[in-house]
Structure formats: C-alpha cells, structure tokens
Amino acid sequence: MSNDDARTQQAPDAPDAEAAPAANNTPPAAPVVLPDGADLSPQVIQTLRQRLQAAVEQHDGWADPLAFNGGTILVLLLTGLATLLPTMLDAGRFAWAAPLCSALAGLFVAMERALGFGARWRFHREMKSAYESIVDMLEFYPILPLSERPKYARDIYTSLYAVRSRESAIPNAGTNTQPT
C-alpha cells in the first residue's frame, strides 16, 4: 500500500474496493481524503456543515449580551440616582437611598468585572462568526476548479483547527488552556 493509499480512507457509506458493483450501477462514493490530500467528498462536506451548524448554535446565546448591556444601563441609572437623590429627597427620611444606589452600582460593576459578560459576549460573537466563515468556505468548495481544491481543503482544515483551538478560551470561565 502506498503512502497515498494510506492517507485515503473510504467514505462511511462507500462499498469496499473489492466488493462487487451495486445492482443499481451507481458509482461508489468518493473517498474521504485527509487534510494533505486532494479532495473532500460531499459526505465529508455535509458532516462538517452539520457539526459547524451545531457549533454556531452553541455560541448564539442571549444571556451574556443581556447581562452586559442591561448591567451597564442599570449602573448608569443607579449612579445618576445616587447623584440626584440627595438634592431631591428629604435628607432625613430618605438618607439611605443615595448610598444604596451607589452601593448597588458598585456591586453591578464588580459583577461585570468578575464575570466578564462583555468579554464573554464578544467571545461568543467571534466564535459564531468564525464557524460561519468556515461554513461559507464549505459552500464555495464544490465550485472551485479541481486544481485549487487541495489548497482550499487545507485552508478549511487549518481554519477549523484554529477555531476549535480557541473553544476553551472563554473569558472568566476558570483555567483557560489552549492546545498547541
């Protein structure tokens, strides 16, 4: 078996090379070629597309942007109230209101700093966009000239590896280690 044969494996639903041709005379499925090979079969493209779509959905959350933007608005309102309340209210009965607003604003700022809602929101947006760009690359792959497909296939795998390597680097989520 040559090195080229060793790098190529049959697609999951393709018949064995020694098996008799199918009764309906359909040609066997194209082989799945590893990253340094020449081509990606339609089955591999479809499988990658499905897995990438699942990854896109994982990064399509609403909690981080809501916490970040809502927290920012709340902090602005509370600091404004802490400034205005002493001049508007009876100093004796509501003396507690301004310090409470100030303390709550400080608490929300500390929560944002500790939990990093803004950084996490940006992380999820970047990851979603990165996965969608790989899906776009897969969409263009079939219409490329055959001579350009090997390089483009390597570009797809390189991009996929780079994005997957960033997956563990979510901000403020404990120890972040990235594979080398």
# chains A, B, ... in the order shown; residues from 1 in each chain; ligands from 1
>>> residues_around(residues="segment 108-121 of chain A", least_positions_apart="3", cutoff="9 Å", atoms="only C-alpha atoms", output="ChimeraX atom specification")
/A:61-69,71-72,74-75,103-105,124-126,170-173
>>> residues_around(residues="Leu85 of chain A", least_positions_apart="4", cutoff="12 Å", atoms="only C-alpha atoms", output="list in words")
Leu77, Leu78, Thr79, Gly80, Leu81, Leu89, Asp90, Ala91, Arg93, Phe94, Ala95, Trp96, Ala97, Ala98, Pro99, Leu100, Cys101 and Ser102 of chain A
>>> select_by_dssp(residues="segment 25-131 of chain A", states="alpha helix (DSSP H)", output="PyMOL selection string")
chain A and resi 42-58+63-88+97-115+117-131
>>> residues_around(residues="Val163 of chain A", least_positions_apart="3", cutoff="12 Å", atoms="only C-alpha atoms", output="compact mmCIF listing (two decimals) with C-alpha atoms, in the first residue's frame")
# COMPACT_ATOMS: atom_id res chain seq x y z
CA LEU A 52 -20.34 23.52 12.34
CA ALA A 55 -21.19 24.86 17.00
CA VAL A 56 -22.76 28.08 15.69
CA PHE A 123 -16.00 35.81 22.52
CA HIS A 124 -19.28 34.14 21.51
CA GLU A 126 -16.28 35.99 17.35
CA MET A 127 -16.62 32.20 17.61
CA LYS A 128 -20.01 32.22 15.88
CA SER A 129 -18.61 34.34 13.05
CA ALA A 130 -15.54 32.11 12.73
CA TYR A 131 -17.67 28.97 12.43
CA GLU A 132 -19.96 30.67 9.91
CA SER A 133 -16.95 31.67 7.80
CA ILE A 134 -15.87 28.01 7.65
CA ILE A 156 -10.59 24.74 5.64
CA TYR A 157 -8.85 22.28 7.98
CA THR A 158 -6.41 24.96 9.18
CA SER A 159 -9.27 27.36 9.91
CA LEU A 160 -11.25 24.65 11.66
CA ARG A 166 -9.93 28.74 20.76
CA GLU A 167 -13.01 26.97 22.10
CA SER A 168 -11.57 26.55 25.61
CA ALA A 169 -10.55 30.19 25.91
CA GLN A 178 -5.28 26.13 24.59
CA PRO A 179 -3.83 23.15 22.75
>>> closest_residue(among="A:Arg154, A:Leu138, A:Arg164, A:Leu144", to="Pro42 of chain A", atoms="only C-alpha atoms")
A:Leu138
>>> atom_distance(atom1="atom CA of Ser165 of chain A", atom2="atom CA of Pro145 of chain A")
29.7 Å
>>> atom_distance(atom1="atom CA of Glu57 of chain A", atom2="atom CA of Gln43 of chain A")
21.4 Å
>>> atom_distance(atom1="atom CA of Asp136 of chain A", atom2="atom CA of Ile45 of chain A")
11.2 Å
